[in-house]
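Working notes for the structure below.
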Amino acid sequence: MAFHDEIHPDEIPGLYAQCHVGLVALDPRHKTHNIPGKFLTYMQSGLPVLASINPGNDLMGLIEGERVGRVCSDHSADTLQRLAEALLQDLAADTEFAARCKALSVRLFSPEAVVKQLIAALVR
């Protein structure tokens with residue numbers, strides 16, 4: 001594992017190309033739903049996620065329902081380790097992770113999808 005100072009946005013795609021999984025860690029004190037930008041860029045890059053999020057966050061249902069990673073909300077190191085190991089097994093057995101991640105990105109977070117959501121909200 002390597003830690004770096006802030007990475008220029010132009011360098012991120014090359015960095016993600018060297019990764020197998022993206023990490024999402026949200027502060028358990030959050031009381032609202034939160035889909036971090038990092039999650040969006042992971043999906044665009046086809047990276048499944050290992051996520052530790054605040055309880056009640058919609059991101060849990062999204063990750064589990066779309067089968068784009070593993071997620072917990074108990075902030076236990078033991079749970080996170082178990083999920084990391086399970087995700088490694090999932091990646092070895094399921095070659096469709098990248099395709100599902102990219103499809104989710106296009107379906108929900110592409111500019112076209114956002115425009116459709118905005119228009120639908122305005123038409124109501």
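Going through the structure tokens in order, the chains are called A, B, and so on, while each chain numbers its residues from 1 and the ligands are numbered from 1 in the order shown.
The neighbours of Met1 (chain A) here are the residues that come within 12 Å of it, using only C-alpha atoms and leaving out any residue fewer than 2 positions away in the same chain; they are A:Phe3, A:His4, A:Gln18, A:Cys19.
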Practice prompt. For CA of Arg70 (chain A) and CA of Leu50 (chain A), quote the distance in Å rounded to one decimal.
Written response: 5.1 Å
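The shortest atom-to-atom distance to Tyr42 (chain A), with only C-alpha atoms taken into account, belongs to A:Ser105 out of A:Gln89, A:Ser105, A:Gln117, A:Thr95.
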Discussion item. Report as an MDAnalysis selection string all protein, DNA and RNA residues lying within 9 Å of Leu87 (chain A), evaluated on only C-alpha atoms, omitting residues in the same chain fewer than 2 positions from it.
Written reply: chainID A and resid 21 48:50 69:70 82:85 89:92
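Using only C-alpha atoms, the residues found no farther than 8 Å from Gly46 (chain A), other than those of its own chain fewer than 3 positions away, are Tyr42, Met43, Phe97, Ala98, Ala99, Arg100, Cys101 and Lys102 of chain A.
Our summary of the geometry notes that CA of Val106 (chain A) is positioned 24.3 Å from CA of Thr32 (chain A).
With only C-alpha atoms taken into account, the protein and nucleic acid residues at most 12 Å from Arg29 (chain A) (excluding it and anything under 4 positions from it in its own chain) are Ala25, His33, Asn34, Ile53, Asn54, Pro55, Gly56, Asn57, Ser73, Asp74 and His75 of chain A.
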Could the residues in this selection be written to a file with N, CA and C atoms, as an mmCIF file, in the first residue's frame?
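Saved to result.cif:
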```
data_model
loop_
_atom_site.group_PDB
_atom_site.id
_atom_site.type_symbol
_atom_site.label_atom_id
_atom_site.label_comp_id
_atom_site.auth_asym_id
_atom_site.auth_seq_id
_atom_site.Cartn_x
_atom_site.Cartn_y
_atom_site.Cartn_z
ATOM 1 N N ALA A 25 -14.541 4.872 3.027
ATOM 2 C CA ALA A 25 -14.668 4.883 4.484
ATOM 3 C C ALA A 25 -15.349 6.183 4.891
ATOM 4 N N HIS A 33 -27.576 10.432 4.133
ATOM 5 C CA HIS A 33 -27.094 9.585 3.049
ATOM 6 C C HIS A 33 -25.947 10.322 2.375
ATOM 7 N N ASN A 34 -24.977 9.563 1.925
ATOM 8 C CA ASN A 34 -23.803 10.188 1.331
ATOM 9 C C ASN A 34 -23.218 9.223 0.310
ATOM 10 N N ILE A 53 -19.381 2.291 5.957
ATOM 11 C CA ILE A 53 -20.221 3.487 5.861
ATOM 12 C C ILE A 53 -21.043 3.687 7.126
ATOM 13 N N ASN A 54 -21.678 4.850 7.205
ATOM 14 C CA ASN A 54 -22.528 5.143 8.350
ATOM 15 C C ASN A 54 -23.818 4.318 8.271
ATOM 16 N N PRO A 55 -24.347 3.913 9.429
ATOM 17 C CA PRO A 55 -25.583 3.121 9.445
ATOM 18 C C PRO A 55 -26.735 3.860 8.757
ATOM 19 N N GLY A 56 -27.541 3.103 8.023
ATOM 20 C CA GLY A 56 -28.709 3.668 7.363
ATOM 21 C C GLY A 56 -28.430 4.346 6.032
ATOM 22 N N ASN A 57 -27.198 4.344 5.583
ATOM 23 C CA ASN A 57 -26.829 5.006 4.342
ATOM 24 C C ASN A 57 -27.348 4.202 3.147
ATOM 25 N N SER A 73 -21.553 -1.451 8.006
ATOM 26 C CA SER A 73 -21.805 -0.190 8.714
ATOM 27 C C SER A 73 -21.507 -0.302 10.203
ATOM 28 N N ASP A 74 -20.879 -1.387 10.618
ATOM 29 C CA ASP A 74 -20.586 -1.534 12.052
ATOM 30 C C ASP A 74 -19.195 -1.027 12.436
ATOM 31 N N HIS A 75 -18.392 -0.659 11.466
ATOM 32 C CA HIS A 75 -17.053 -0.098 11.677
ATOM 33 C C HIS A 75 -16.148 -1.002 12.509
#
```
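If only C-alpha atoms are the atoms counted, then among A:Leu15, A:Ala2, A:Leu122, A:Ile63 the closest residue to Leu40 (chain A) is A:Ile63.
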Discussion item. Using Å and a single decimal, report how far CA of Ser110 (chain A) sits from CA of Asp27 (chain A).
Written reply: 26.3 Å
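Look at Ile12 (chain A): the protein and nucleic acid residues within 10 Å of it, using only C-alpha atoms and passing over chain neighbours fewer than 4 places away, are A:Ile7, A:His8, A:Tyr16, A:Ala17, A:Thr41, A:Ser45.
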Output file for the selection above: N, CA, C and O atoms, as an mmCIF file, in the first residue's frame:
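Output file again.cif is given in full below:
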```cif
data_model
loop_
_atom_site.group_PDB
_atom_site.id
_atom_site.type_symbol
_atom_site.label_atom_id
_atom_site.label_comp_id
_atom_site.auth_asym_id
_atom_site.auth_seq_id
_atom_site.Cartn_x
_atom_site.Cartn_y
_atom_site.Cartn_z
ATOM 1 N N ILE A 7 -3.326 13.896 -5.375
ATOM 2 C CA ILE A 7 -2.989 13.456 -6.722
ATOM 3 C C ILE A 7 -3.755 14.307 -7.722
ATOM 4 O O ILE A 7 -4.957 14.533 -7.572
ATOM 5 N N HIS A 8 -3.054 14.766 -8.746
ATOM 6 C CA HIS A 8 -3.695 15.582 -9.783
ATOM 7 C C HIS A 8 -4.775 14.738 -10.468
ATOM 8 O O HIS A 8 -4.560 13.553 -10.754
ATOM 9 N N TYR A 16 -5.890 4.257 -10.903
ATOM 10 C CA TYR A 16 -6.958 3.263 -10.758
ATOM 11 C C TYR A 16 -6.711 2.038 -11.630
ATOM 12 O O TYR A 16 -7.104 0.931 -11.271
ATOM 13 N N ALA A 17 -6.060 2.219 -12.770
ATOM 14 C CA ALA A 17 -5.769 1.090 -13.654
ATOM 15 C C ALA A 17 -4.837 0.085 -12.979
ATOM 16 O O ALA A 17 -4.784 -1.077 -13.383
ATOM 17 N N THR A 41 -16.105 7.697 -9.024
ATOM 18 C CA THR A 41 -14.943 7.478 -9.891
ATOM 19 C C THR A 41 -14.520 6.008 -9.886
ATOM 20 O O THR A 41 -14.034 5.512 -10.907
ATOM 21 N N SER A 45 -14.411 3.683 -13.289
ATOM 22 C CA SER A 45 -13.177 2.962 -13.616
ATOM 23 C C SER A 45 -13.342 1.455 -13.573
ATOM 24 O O SER A 45 -12.388 0.723 -13.844
#
```
Item to complete: Point out the residue among A:Ala86, A:Val123, A:Ala77, A:Cys72 with the least atom-to-atom distance to Val24 (chain A), counting only C-alpha atoms.
Response: A:Cys72
Worksheet entry | All alpha helix (DSSP H) residues (DSSP, backbone) inside chain A, as JSON, numbers by chain | {"A": [12, 13, 14, 15, 16, 37, 38, 39, 40, 41, 42, 43, 44, 45, 58, 59, 60, 61, 62, 63, 64, 65, 66, 77, 78, 79, 80, 81, 82, 83, 84, 85, 86, 87, 88, 89, 90, 91, 92, 93, 97, 98, 99, 100, 101, 102, 103, 104, 111, 112, 113, 114, 115, 116, 117, 118, 119, 120, 121, 122, 123]}
Discussion item. Residues of chain A classed as strand (DSSP E or B) by DSSP on the backbone are to be reported as a count of residues only.
Written reply: 12
